[in-house]
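Right, one structure below, let's go through it.
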Amino acid sequence: MKRPCLLALVLPLLTTAAWSAPAQPVKVGLAVGITGDIAVYGNPIRNGLLLGFKQINAMGQVRMDPILEDTGGGRDGAVNVFQKLIQRDQVAAILGPVLSSQAFAADPLAVQAGVPVVGVTNTAKGIPQIGVTVFRVSAPEAVQIPKSVAVAKKVLDLSRVVVLYDNADDFTISGYRTFVDELQKNGIAIADTITFSRGDSDFSAQLTKAKAANPQAIVVSALAREGTLLLIQARNLGITVPFIGGNGFNDTNIITRAGPAAEGLIVGTAWVPSAPSPVNLKFYGAYRDEYRREPNQFAAQAYTGAEVVAEAIHRAGLTGTEDVATQRSKIVQALHTVKNLDTPLGRISIADDRDVIQPRTYVAVVRGGRFVELDVK
Amino acid sequence: MAIFLQQLVNGISLGSVYALFALGFTLVFGVLEIINLAHPAVLAVGALIAYTLLEGAHTGLAVALAGACVGAGLLGVVIDRVAFRPLRLRGASRLSSLITSIGVALILVNLAQIVWGTEPLSYPPGTVPLRFFTAGPVTVSLLQVLVLATVVALMIGLRALLFRTRLGLAIRAVAENPQTAGLLGMPFDRVVAFTFFLSSGLGGVAGVLVGMLFQGSVSPFMGGTYGLKGLAAIILGGMGDITGAVLGGLAMGVGEVMIVQYFNSSYRDAVAFGLVFLVLVLRPTGLLGQQRGREA
C-alpha cells in the first residue's frame, strides 16, 4: 500500500518541476586520455573541446554541460569511462575517445545503450561501422593516405619504399594496410615491411634493416611518441631519405622534439593553421589566447566535434528537460542531418554512413621547422 | 656482413640497457626474494630528476647523474619503509610484496605525471655527447660505448662490493638467512635499506642513460617496457645472479635485434619470451644460476 501512496505524492511534484524549470543544459561526456602515453594527443583535444563548449554556451542558443573524464591511453580506461558516462552521469552524447583502438573497445557500449558517440580523432577503417550511433568528424586515413601517397609519388618520383609500422595498435595497423593498398595501386614497390610495438624506445634494429633495403623513402604508420623517436634515430644512423607518415604524425610537437630530424617529413592532414575561413581564424585566435599555444589538427577536430554536437542538439530542438533516452535518440537522428556546417576544418557534412564528408584535406611537409602545404607542380 | 656487424652493435647497445635495468632488479631479488615491479617507475623518476637538474638548475651531466642516483636511491629507501617493511614485519607472503610493488609503481607513475607532466621530454641539447664513430659501414655512438662501459663497471663494482667488503658480507648474510643474521647482530633493517638504496640508485642511473640514449623518451612511462624485459633477462641469466643479469640482458638485446634482421620483426617479443619459457622449463635456475640460485 505504501508504494502507490508515495508515487502519488512525488509524481505531480516532478512534473510541475519539469514544466516550471528553465531550459537545462544537455549533458555531454568527453572521453579523453589526458594522462598516460597518449596525453600528447589528449591535451590539445581536451583544450579544443572545452573551448568549443565555452564559445557555444556563451552564444546561448544551445546549452551544454561538458563532463570530462580521463581514459588514459588504454582500452580498459576508455571502457570504464564510457560505462561511467552512460550509466552514472546519464549523458546525452559522448565525444571521444582519442585512439581508434579505444573506440573499437568502448563504442559498442554506447551503441548498446543508444548513446550517440562522435569520434573527433578516430581515423582507422570501420569506426562508424561499429554501430548505428557512432559518428566521426575526423577524415579517415582511408581518405587521407591515398592523397599523401599520390602527392609524395609525384614530388619524390617514388618507385621503391620501405614500410615500418606499429603492430600493437589498431589505428597504426589500419594505417599500414591503407598505405600498402595505395602503394600497390601507384605501382610503388615495397622493398621491406618491418614492425615495432607501441612502447618501444630503440628502433635501431628496424632502421638498420630499412636502410639496408635502400629505399627512396620510408613510410611509417606510428603514434606520436614512437614516430618522434624513429625520426631522431634514423638521422643518427645516417638515414637521409624522407619519411612519409600517417595521421599519428599530425602534431607540431613532433617537430619541436625531433628538431632538424623532422625536416622533409610528409603527412596528410585534415587542418592547416593558415586556412583563411572566419571560423578558423576565430578558433585559432581564441585558442592562442586561452592556452598560450598554437592549436594543432587534433584541437581543430575536437573543436569541430563540439560544434557538430551543438548543431545536432539545436536541430533536435532539445531544451534539456526531456528524459535522457529521448535526448539520445533525437541527437542520433539530428546528427544525420548536419550538412555544410562551417567549422575550422571547412564546410563539413555527415554522410548517411555516419562518416564525415570534408571537402578539402591537405598534404603537408615539414620545412624550416613548420608544416607547410606540399604543392604538386 | 656489414649489416650483421651493425646489428650486433645495435643488439649489444639494446642489451646493455636491459642489463643496466636488470642489475638493480636482480639485487633486490637476490637479497629479499622480492620481485620489485616498482623498479621501472624508479628508473623513470631518476631520469626525470636528472631532467629537472639539467633543464631547471642548469647543472652539468655529472651532477645530474649523481642527483638521479641519490634521489632514486632515497626513493628506494622510502619505498622499502612504506611498502615492503610493514609486510616483512607481519610475515606476509612474497605474493603480497609483488602486488604491493605494482601499487607503488602506479602511485609513482601518477605522481610523476603530476610533477613532470605527460609529454615526453628530451635532455637539453648539448648536455648529451652526440658523437658518432664510423668504422667502414658500422656506426657506433659515444653514448652506446658509454652505456656498455657503465654496465660493465657497475657489474664489477657490485661484485666487488658484495664479495670484498664487510657491508657485502652483511648483505650476503641477510640474503642467506635473515633470522640467523639478525641473531648474530646484523642490523637487518639497515642492510635491507642499503640494498634498496643501491638497487634504486642503479635504477636512477639506468634511467638517465636511457634518456640520453633515446632522445625524446624521458617520461613517467619510460620504464614500462623494461619491467618485463628486465624480468626476462634475470630469468635468463639466473635469478639473483649479477653476472647472469648482465649476460641475460645482452643475450635478450642481441637476440631481439637478430630476429628483426634475419627472421620477422613481428616475432621479436614472441621469440624473446619463448626463450625465457624454454629456460624456465629446461633449466629453471637460469643459465648461470646454481641450485640455490643466489649470489647476492
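Numbering starts fresh at 1 for the residues of each chain in the C-alpha cells, the chains themselves are lettered A, B, ... in the order given, and ligands are numbered from 1 as they appear.
Every protein or nucleic acid residue with an atom no more than 6 Å from Thr71 of chain A, counting only C-alpha atoms and leaving out same-chain residues fewer than 4 positions away, appears here: Val32, Gly33, Gly77 and Ala78 of chain A.
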Quick one: write out the picked residues with N, CA and C atoms as a PDB file, in the first residue's frame?
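Contents of the output file result.pdb:
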ATOM      1  N   VAL A  32      38.449  11.578 -22.912  1.00  0.00           N
ATOM      2  CA  VAL A  32      39.736  11.979 -23.475  1.00  0.00           C
ATOM      3  C   VAL A  32      40.869  11.452 -22.598  1.00  0.00           C
ATOM      4  N   GLY A  33      41.931  10.961 -23.224  1.00  0.00           N
ATOM      5  CA  GLY A  33      43.094  10.495 -22.471  1.00  0.00           C
ATOM      6  C   GLY A  33      44.012  11.659 -22.154  1.00  0.00           C
ATOM      7  N   GLY A  77      40.649   1.696 -19.901  1.00  0.00           N
ATOM      8  CA  GLY A  77      40.306   3.017 -19.369  1.00  0.00           C
ATOM      9  C   GLY A  77      39.146   3.625 -20.127  1.00  0.00           C
ATOM     10  N   ALA A  78      39.139   3.462 -21.448  1.00  0.00           N
ATOM     11  CA  ALA A  78      38.056   4.005 -22.267  1.00  0.00           C
ATOM     12  C   ALA A  78      36.735   3.305 -21.939  1.00  0.00           C
TER      13      ALA A  78
END
Test item: residues at most 12 Å from Thr228 of chain A, only C-alpha atoms, excluding those fewer than 3 positions along its chain, as a PDB file with N, CA and C atoms, in the first residue's frame:
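Writing the result to result_8.pdb gives the following:
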ATOM      1  N   VAL A  40      49.853  13.445 -25.150  1.00  0.00           N
ATOM      2  CA  VAL A  40      50.307  14.385 -26.178  1.00  0.00           C
ATOM      3  C   VAL A  40      49.184  14.688 -27.166  1.00  0.00           C
ATOM      4  N   ASP A 200      58.046   0.778 -27.458  1.00  0.00           N
ATOM      5  CA  ASP A 200      59.474   0.606 -27.769  1.00  0.00           C
ATOM      6  C   ASP A 200      60.193   1.946 -27.741  1.00  0.00           C
ATOM      7  N   SER A 201      61.484   1.896 -27.408  1.00  0.00           N
ATOM      8  CA  SER A 201      62.290   3.123 -27.455  1.00  0.00           C
ATOM      9  C   SER A 201      63.451   3.006 -28.429  1.00  0.00           C
ATOM     10  N   ASP A 202      63.890   1.783 -28.676  1.00  0.00           N
ATOM     11  CA  ASP A 202      65.067   1.577 -29.511  1.00  0.00           C
ATOM     12  C   ASP A 202      64.622   1.029 -30.869  1.00  0.00           C
ATOM     13  N   PHE A 203      64.833   1.816 -31.912  1.00  0.00           N
ATOM     14  CA  PHE A 203      64.403   1.388 -33.245  1.00  0.00           C
ATOM     15  C   PHE A 203      65.592   1.156 -34.163  1.00  0.00           C
ATOM     16  N   VAL A 220      55.810   5.325 -42.687  1.00  0.00           N
ATOM     17  CA  VAL A 220      55.661   4.931 -41.287  1.00  0.00           C
ATOM     18  C   VAL A 220      54.225   5.098 -40.818  1.00  0.00           C
ATOM     19  N   SER A 221      53.682   4.063 -40.190  1.00  0.00           N
ATOM     20  CA  SER A 221      52.401   4.185 -39.507  1.00  0.00           C
ATOM     21  C   SER A 221      52.673   4.015 -38.019  1.00  0.00           C
ATOM     22  N   ALA A 222      52.679   5.142 -37.290  1.00  0.00           N
ATOM     23  CA  ALA A 222      53.061   5.108 -35.879  1.00  0.00           C
ATOM     24  C   ALA A 222      52.312   6.178 -35.115  1.00  0.00           C
ATOM     25  N   LEU A 223      52.305   6.053 -33.782  1.00  0.00           N
ATOM     26  CA  LEU A 223      51.789   7.114 -32.928  1.00  0.00           C
ATOM     27  C   LEU A 223      52.912   8.133 -32.677  1.00  0.00           C
ATOM     28  N   ALA A 224      52.563   9.255 -32.059  1.00  0.00           N
ATOM     29  CA  ALA A 224      53.497  10.391 -31.973  1.00  0.00           C
ATOM     30  C   ALA A 224      54.800  10.053 -31.252  1.00  0.00           C
ATOM     31  N   ARG A 225      54.707   9.358 -30.112  1.00  0.00           N
ATOM     32  CA  ARG A 225      55.915   9.119 -29.328  1.00  0.00           C
ATOM     33  C   ARG A 225      56.916   8.279 -30.124  1.00  0.00           C
ATOM     34  N   LEU A 231      62.218   9.175 -36.019  1.00  0.00           N
ATOM     35  CA  LEU A 231      62.823  10.229 -36.833  1.00  0.00           C
ATOM     36  C   LEU A 231      64.224  10.567 -36.317  1.00  0.00           C
ATOM     37  N   ILE A 232      64.337  10.748 -34.997  1.00  0.00           N
ATOM     38  CA  ILE A 232      65.625  11.133 -34.417  1.00  0.00           C
ATOM     39  C   ILE A 232      66.668  10.034 -34.664  1.00  0.00           C
ATOM     40  N   GLN A 233      66.261   8.785 -34.389  1.00  0.00           N
ATOM     41  CA  GLN A 233      67.242   7.702 -34.503  1.00  0.00           C
ATOM     42  C   GLN A 233      67.625   7.440 -35.957  1.00  0.00           C
ATOM     43  N   ALA A 234      66.703   7.674 -36.873  1.00  0.00           N
ATOM     44  CA  ALA A 234      67.016   7.481 -38.289  1.00  0.00           C
ATOM     45  C   ALA A 234      68.121   8.436 -38.717  1.00  0.00           C
ATOM     46  N   ARG A 235      67.997   9.681 -38.310  1.00  0.00           N
ATOM     47  CA  ARG A 235      69.025  10.651 -38.691  1.00  0.00           C
ATOM     48  C   ARG A 235      70.362  10.295 -38.050  1.00  0.00           C
ATOM     49  N   PHE A 243      60.665  10.754 -44.751  1.00  0.00           N
ATOM     50  CA  PHE A 243      59.667   9.884 -44.138  1.00  0.00           C
ATOM     51  C   PHE A 243      58.275  10.337 -44.569  1.00  0.00           C
ATOM     52  N   GLY A 245      54.451   9.884 -43.246  1.00  0.00           N
ATOM     53  CA  GLY A 245      53.772   9.390 -42.062  1.00  0.00           C
ATOM     54  C   GLY A 245      52.259   9.453 -42.169  1.00  0.00           C
ATOM     55  N   GLY A 248      49.114   9.917 -37.207  1.00  0.00           N
ATOM     56  CA  GLY A 248      49.771   9.975 -35.907  1.00  0.00           C
ATOM     57  C   GLY A 248      50.857  11.036 -35.838  1.00  0.00           C
ATOM     58  N   PHE A 249      51.374  11.432 -37.006  1.00  0.00           N
ATOM     59  CA  PHE A 249      52.449  12.427 -37.043  1.00  0.00           C
ATOM     60  C   PHE A 249      51.920  13.856 -37.057  1.00  0.00           C
ATOM     61  N   ASN A 250      50.589  14.005 -36.990  1.00  0.00           N
ATOM     62  CA  ASN A 250      49.980  15.312 -37.180  1.00  0.00           C
ATOM     63  C   ASN A 250      50.061  16.196 -35.956  1.00  0.00           C
ATOM     64  N   ASP A 251      51.240  16.477 -35.499  1.00  0.00           N
ATOM     65  CA  ASP A 251      51.360  17.238 -34.265  1.00  0.00           C
ATOM     66  C   ASP A 251      52.635  18.068 -34.338  1.00  0.00           C
ATOM     67  N   THR A 252      52.493  19.365 -34.105  1.00  0.00           N
ATOM     68  CA  THR A 252      53.665  20.232 -34.201  1.00  0.00           C
ATOM     69  C   THR A 252      54.701  19.886 -33.135  1.00  0.00           C
ATOM     70  N   ASN A 253      54.258  19.203 -32.040  1.00  0.00           N
ATOM     71  CA  ASN A 253      55.220  18.811 -31.012  1.00  0.00           C
ATOM     72  C   ASN A 253      56.293  17.881 -31.556  1.00  0.00           C
ATOM     73  N   ILE A 254      55.927  17.112 -32.585  1.00  0.00           N
ATOM     74  CA  ILE A 254      56.904  16.203 -33.184  1.00  0.00           C
ATOM     75  C   ILE A 254      58.054  17.014 -33.770  1.00  0.00           C
ATOM     76  N   ILE A 255      57.709  18.124 -34.399  1.00  0.00           N
ATOM     77  CA  ILE A 255      58.753  18.970 -34.989  1.00  0.00           C
ATOM     78  C   ILE A 255      59.608  19.569 -33.876  1.00  0.00           C
ATOM     79  N   THR A 256      58.939  20.027 -32.798  1.00  0.00           N
ATOM     80  CA  THR A 256      59.675  20.609 -31.684  1.00  0.00           C
ATOM     81  C   THR A 256      60.669  19.599 -31.124  1.00  0.00           C
ATOM     82  N   ARG A 257      60.188  18.372 -30.934  1.00  0.00           N
ATOM     83  CA  ARG A 257      61.045  17.393 -30.274  1.00  0.00           C
ATOM     84  C   ARG A 257      62.109  16.825 -31.197  1.00  0.00           C
ATOM     85  N   ALA A 258      61.732  16.532 -32.423  1.00  0.00           N
ATOM     86  CA  ALA A 258      62.702  15.893 -33.319  1.00  0.00           C
ATOM     87  C   ALA A 258      63.637  16.930 -33.929  1.00  0.00           C
ATOM     88  N   GLY A 259      63.253  18.190 -33.919  1.00  0.00           N
ATOM     89  CA  GLY A 259      64.119  19.248 -34.452  1.00  0.00           C
ATOM     90  C   GLY A 259      64.447  19.021 -35.918  1.00  0.00           C
ATOM     91  N   PRO A 260      65.729  19.150 -36.267  1.00  0.00           N
ATOM     92  CA  PRO A 260      66.116  19.023 -37.674  1.00  0.00           C
ATOM     93  C   PRO A 260      65.768  17.648 -38.249  1.00  0.00           C
ATOM     94  N   ALA A 261      65.658  16.623 -37.373  1.00  0.00           N
ATOM     95  CA  ALA A 261      65.365  15.277 -37.871  1.00  0.00           C
ATOM     96  C   ALA A 261      63.972  15.196 -38.487  1.00  0.00           C
ATOM     97  N   ALA A 262      63.104  16.174 -38.186  1.00  0.00           N
ATOM     98  CA  ALA A 262      61.745  16.142 -38.730  1.00  0.00           C
ATOM     99  C   ALA A 262      61.663  16.759 -40.126  1.00  0.00           C
ATOM    100  N   GLU A 263      62.723  17.428 -40.550  1.00  0.00           N
ATOM    101  CA  GLU A 263      62.695  18.093 -41.866  1.00  0.00           C
ATOM    102  C   GLU A 263      62.384  17.091 -42.974  1.00  0.00           C
ATOM    103  N   LEU A 265      59.602  15.536 -43.480  1.00  0.00           N
ATOM    104  CA  LEU A 265      58.508  14.608 -43.155  1.00  0.00           C
ATOM    105  C   LEU A 265      57.234  15.015 -43.890  1.00  0.00           C
TER     106      LEU A 265
ATOM    107  N   GLU B 119      54.053  14.775 -21.270  1.00  0.00           N
ATOM    108  CA  GLU B 119      54.701  14.808 -22.576  1.00  0.00           C
ATOM    109  C   GLU B 119      56.142  14.307 -22.488  1.00  0.00           C
ATOM    110  N   PRO B 120      56.562  13.526 -23.479  1.00  0.00           N
ATOM    111  CA  PRO B 120      57.934  13.042 -23.477  1.00  0.00           C
ATOM    112  C   PRO B 120      58.926  14.207 -23.541  1.00  0.00           C
ATOM    113  N   LEU B 121      59.991  14.121 -22.773  1.00  0.00           N
ATOM    114  CA  LEU B 121      60.964  15.212 -22.696  1.00  0.00           C
ATOM    115  C   LEU B 121      62.311  14.766 -23.255  1.00  0.00           C
ATOM    116  N   SER B 122      63.111  15.746 -23.624  1.00  0.00           N
ATOM    117  CA  SER B 122      64.489  15.477 -24.040  1.00  0.00           C
ATOM    118  C   SER B 122      65.425  16.253 -23.140  1.00  0.00           C
ATOM    119  N   PHE B 214      68.124   7.568 -25.908  1.00  0.00           N
ATOM    120  CA  PHE B 214      66.956   7.772 -26.763  1.00  0.00           C
ATOM    121  C   PHE B 214      66.384   9.157 -26.485  1.00  0.00           C
ATOM    122  N   GLN B 215      66.828  10.137 -27.253  1.00  0.00           N
ATOM    123  CA  GLN B 215      66.333  11.499 -27.058  1.00  0.00           C
ATOM    124  C   GLN B 215      64.830  11.527 -27.271  1.00  0.00           C
ATOM    125  N   GLY B 216      64.162  12.285 -26.431  1.00  0.00           N
ATOM    126  CA  GLY B 216      62.717  12.398 -26.584  1.00  0.00           C
ATOM    127  C   GLY B 216      61.974  11.228 -25.974  1.00  0.00           C
ATOM    128  N   SER B 217      62.625  10.504 -25.053  1.00  0.00           N
ATOM    129  CA  SER B 217      61.933   9.353 -24.460  1.00  0.00           C
ATOM    130  C   SER B 217      61.749   9.517 -22.956  1.00  0.00           C
TER     131      SER B 217
END
Residue contacts of Arg159 of chain B (12 Å, only C-alpha atoms) excluding same-chain residues fewer than 6 positions away, as a list in words: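 In the requested format, the answer is Leu23, Leu27, Val152, Ala153, Thr165, Leu167, Gly168, Leu169, Ile171, Arg172, Asp241, Ile242, Thr243, Gly244, Val246, Glu295 and Ala296 of chain B.
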Residues of segment 6-144 of chain A in helix (DSSP H, G or I), written as a PyMOL selection string: chain A and resi 6-20+39-59+75-88+100-113+128-130+141-144
Exercise: Ala191 of chain A partners within 9 Å, only C-alpha atoms, chain neighbours under 3 positions left out, as a VMD selection string: chain A and resid 160 to 163 210 213 to 215
Chain A contacts to chain B at 9 Å (only C-alpha atoms) as a ChimeraX atom specification: /A:34-40,167,193-197,199-202,204-206,208-209,212,225-226,228-229,232-233,236-238,257-258
Store the residues picked out above in a file with N, CA and C atoms, as a short mmCIF file (atom, residue, chain, number, x, y, z; two decimals), in the first residue's frame.
data_model
loop_
_atom_site.label_atom_id
_atom_site.label_comp_id
_atom_site.auth_asym_id
_atom_site.auth_seq_id
_atom_site.Cartn_x
_atom_site.Cartn_y
_atom_site.Cartn_z
N ILE A 34 43.91 12.19 -20.93
CA ILE A 34 44.77 13.34 -20.60
C ILE A 34 45.91 12.94 -19.67
N THR A 35 45.97 11.67 -19.29
CA THR A 35 47.17 11.15 -18.64
C THR A 35 47.62 9.95 -19.46
N GLY A 36 48.79 9.43 -19.13
CA GLY A 36 49.28 8.28 -19.86
C GLY A 36 50.00 8.70 -21.12
N ASP A 37 50.44 7.69 -21.89
CA ASP A 37 51.33 7.99 -23.00
C ASP A 37 50.65 8.69 -24.17
N ILE A 38 49.29 8.79 -24.16
CA ILE A 38 48.65 9.48 -25.28
C ILE A 38 48.24 10.91 -24.92
N ALA A 39 48.70 11.39 -23.75
CA ALA A 39 48.34 12.75 -23.35
C ALA A 39 48.82 13.79 -24.35
N VAL A 40 49.85 13.45 -25.15
CA VAL A 40 50.31 14.38 -26.18
C VAL A 40 49.18 14.69 -27.17
N ASN A 167 52.75 -2.69 -34.77
CA ASN A 167 51.76 -3.77 -34.88
C ASN A 167 51.04 -4.03 -33.57
N THR A 193 58.98 -4.79 -45.22
CA THR A 193 57.99 -4.37 -44.24
C THR A 193 58.50 -4.77 -42.86
N ILE A 194 58.60 -3.81 -41.96
CA ILE A 194 59.20 -4.07 -40.64
C ILE A 194 58.27 -3.53 -39.55
N THR A 195 58.15 -4.29 -38.46
CA THR A 195 57.24 -3.87 -37.39
C THR A 195 57.99 -3.50 -36.12
N PHE A 196 57.30 -2.75 -35.27
CA PHE A 196 57.75 -2.50 -33.91
C PHE A 196 56.51 -2.45 -33.04
N SER A 197 56.66 -2.19 -31.73
CA SER A 197 55.48 -2.16 -30.86
C SER A 197 55.41 -0.88 -30.06
N GLY A 199 55.41 1.57 -27.28
CA GLY A 199 56.18 1.48 -26.04
C GLY A 199 57.67 1.28 -26.27
N ASP A 200 58.05 0.78 -27.46
CA ASP A 200 59.47 0.61 -27.77
C ASP A 200 60.19 1.95 -27.74
N SER A 201 61.48 1.90 -27.41
CA SER A 201 62.29 3.12 -27.46
C SER A 201 63.45 3.01 -28.43
N ASP A 202 63.89 1.78 -28.68
CA ASP A 202 65.07 1.58 -29.51
C ASP A 202 64.62 1.03 -30.87
N SER A 204 66.79 1.05 -33.57
CA SER A 204 67.98 0.97 -34.42
C SER A 204 68.00 -0.31 -35.25
N ALA A 205 67.48 -1.41 -34.68
CA ALA A 205 67.48 -2.65 -35.44
C ALA A 205 66.60 -2.51 -36.69
N GLN A 206 65.38 -1.99 -36.48
CA GLN A 206 64.45 -1.83 -37.59
C GLN A 206 65.00 -0.85 -38.63
N THR A 208 68.18 0.02 -39.18
CA THR A 208 69.33 -0.53 -39.89
C THR A 208 68.87 -1.44 -41.02
N LYS A 209 67.84 -2.23 -40.72
CA LYS A 209 67.31 -3.13 -41.74
C LYS A 209 66.68 -2.34 -42.87
N ALA A 212 69.28 -0.81 -45.10
CA ALA A 212 69.94 -1.79 -45.96
C ALA A 212 69.13 -2.08 -47.22
N ARG A 225 54.71 9.36 -30.11
CA ARG A 225 55.92 9.12 -29.33
C ARG A 225 56.92 8.28 -30.12
N GLU A 226 56.43 7.16 -30.62
CA GLU A 226 57.31 6.27 -31.37
C GLU A 226 57.79 6.94 -32.65
N THR A 228 58.33 10.14 -33.23
CA THR A 228 59.39 11.11 -32.94
C THR A 228 60.73 10.40 -32.73
N LEU A 229 60.70 9.32 -31.92
CA LEU A 229 61.94 8.60 -31.65
C LEU A 229 62.52 8.01 -32.93
N ILE A 232 64.34 10.75 -35.00
CA ILE A 232 65.63 11.13 -34.42
C ILE A 232 66.67 10.03 -34.66
N GLN A 233 66.26 8.79 -34.39
CA GLN A 233 67.24 7.70 -34.50
C GLN A 233 67.62 7.44 -35.96
N ASN A 236 70.31 9.82 -36.78
CA ASN A 236 71.56 9.42 -36.12
C ASN A 236 72.23 8.26 -36.83
N LEU A 237 71.43 7.39 -37.46
CA LEU A 237 72.00 6.25 -38.18
C LEU A 237 72.39 6.62 -39.60
N GLY A 238 72.25 7.89 -39.94
CA GLY A 238 72.67 8.33 -41.26
C GLY A 238 71.64 8.08 -42.36
N ARG A 257 60.19 18.37 -30.93
CA ARG A 257 61.05 17.39 -30.27
C ARG A 257 62.11 16.83 -31.20
N ALA A 258 61.73 16.53 -32.42
CA ALA A 258 62.70 15.89 -33.32
C ALA A 258 63.64 16.93 -33.93
#
Those in segment 110-302 of chain A with strand (DSSP E) from DSSP, as a ChimeraX atom specification: /A:117-119,134-136,160-166,189-196,217-221,243-245,266-269
Non-local contacts of Asn47 of chain A (7 Å; only C-alpha atoms; under 4 positions in same chain excluded) as an NGL selection string: :A and (43 or 51 or 299)
Residue nearest Gly253 of chain B - candidates B:Leu75, B:Ala19, B:Ile99, B:Leu282, atoms counted: only C-alpha atoms: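 Distance minimum relative to Gly253 of chain B lands on B:Ala19.
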Surrounding residues of Ser100 of chain A excluding itself and chain neighbours under 4 positions, 8 Å, only C-alpha atoms, as a VMD selection string: chain A and resid 104 121 to 124 127 170 to 171
Spatial neighbours of Gly286 of chain B, 7 Å, only C-alpha atoms, chain gap at least 2 places, as a PDB file with N, CA and C atoms, in the first residue's frame:
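Output saved as selection.pdb:
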ATOM      1  N   ILE B 235      65.690 -13.837 -15.466  1.00  0.00           N
ATOM      2  CA  ILE B 235      65.327 -15.259 -15.504  1.00  0.00           C
ATOM      3  C   ILE B 235      66.318 -16.004 -16.388  1.00  0.00           C
ATOM      4  N   LEU B 236      66.618 -15.386 -17.514  1.00  0.00           N
ATOM      5  CA  LEU B 236      67.553 -15.972 -18.468  1.00  0.00           C
ATOM      6  C   LEU B 236      68.915 -16.167 -17.819  1.00  0.00           C
ATOM      7  N   GLY B 237      69.375 -15.180 -17.074  1.00  0.00           N
ATOM      8  CA  GLY B 237      70.715 -15.230 -16.508  1.00  0.00           C
ATOM      9  C   GLY B 237      70.795 -15.984 -15.191  1.00  0.00           C
ATOM     10  N   GLY B 238      69.680 -16.195 -14.545  1.00  0.00           N
ATOM     11  CA  GLY B 238      69.692 -16.821 -13.225  1.00  0.00           C
ATOM     12  C   GLY B 238      69.281 -15.807 -12.189  1.00  0.00           C
ATOM     13  N   MET B 239      68.121 -16.037 -11.558  1.00  0.00           N
ATOM     14  CA  MET B 239      67.577 -15.060 -10.624  1.00  0.00           C
ATOM     15  C   MET B 239      68.580 -14.720  -9.530  1.00  0.00           C
ATOM     16  N   VAL B 279      63.964 -21.692 -21.032  1.00  0.00           N
ATOM     17  CA  VAL B 279      64.917 -21.709 -19.923  1.00  0.00           C
ATOM     18  C   VAL B 279      64.220 -22.162 -18.645  1.00  0.00           C
ATOM     19  N   ARG B 283      65.920 -25.390 -17.629  1.00  0.00           N
ATOM     20  CA  ARG B 283      66.941 -25.079 -16.635  1.00  0.00           C
ATOM     21  C   ARG B 283      66.440 -23.954 -15.740  1.00  0.00           C
ATOM     22  N   PRO B 284      65.548 -24.324 -14.809  1.00  0.00           N
ATOM     23  CA  PRO B 284      64.819 -23.313 -14.031  1.00  0.00           C
ATOM     24  C   PRO B 284      65.728 -22.367 -13.258  1.00  0.00           C
ATOM     25  N   LEU B 288      73.188 -19.167 -15.572  1.00  0.00           N
ATOM     26  CA  LEU B 288      74.326 -19.164 -14.667  1.00  0.00           C
ATOM     27  C   LEU B 288      73.961 -19.592 -13.254  1.00  0.00           C
ATOM     28  N   GLY B 289      72.678 -19.647 -12.940  1.00  0.00           N
ATOM     29  CA  GLY B 289      72.259 -19.887 -11.568  1.00  0.00           C
ATOM     30  C   GLY B 289      72.642 -21.268 -11.091  1.00  0.00           C
TER      31      GLY B 289
END
Point-to-point distance from atom CA of Leu74 of chain B to atom CA of Leu148 of chain B, Å rounded to tenths: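 Taking atom CA of Leu74 of chain B as the start and atom CA of Leu148 of chain B as the end point, the length is 25.2 Å.
From atom CA of Pro140 of chain A back to atom CA of Leu281 of chain A, the distance works out to 24.3 Å.
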Of the listed residues B:Ser200, B:Ser16, B:Thr285, B:Asn177, that which approaches Ala44 of chain B most closely, counting only C-alpha atoms: B:Ser200
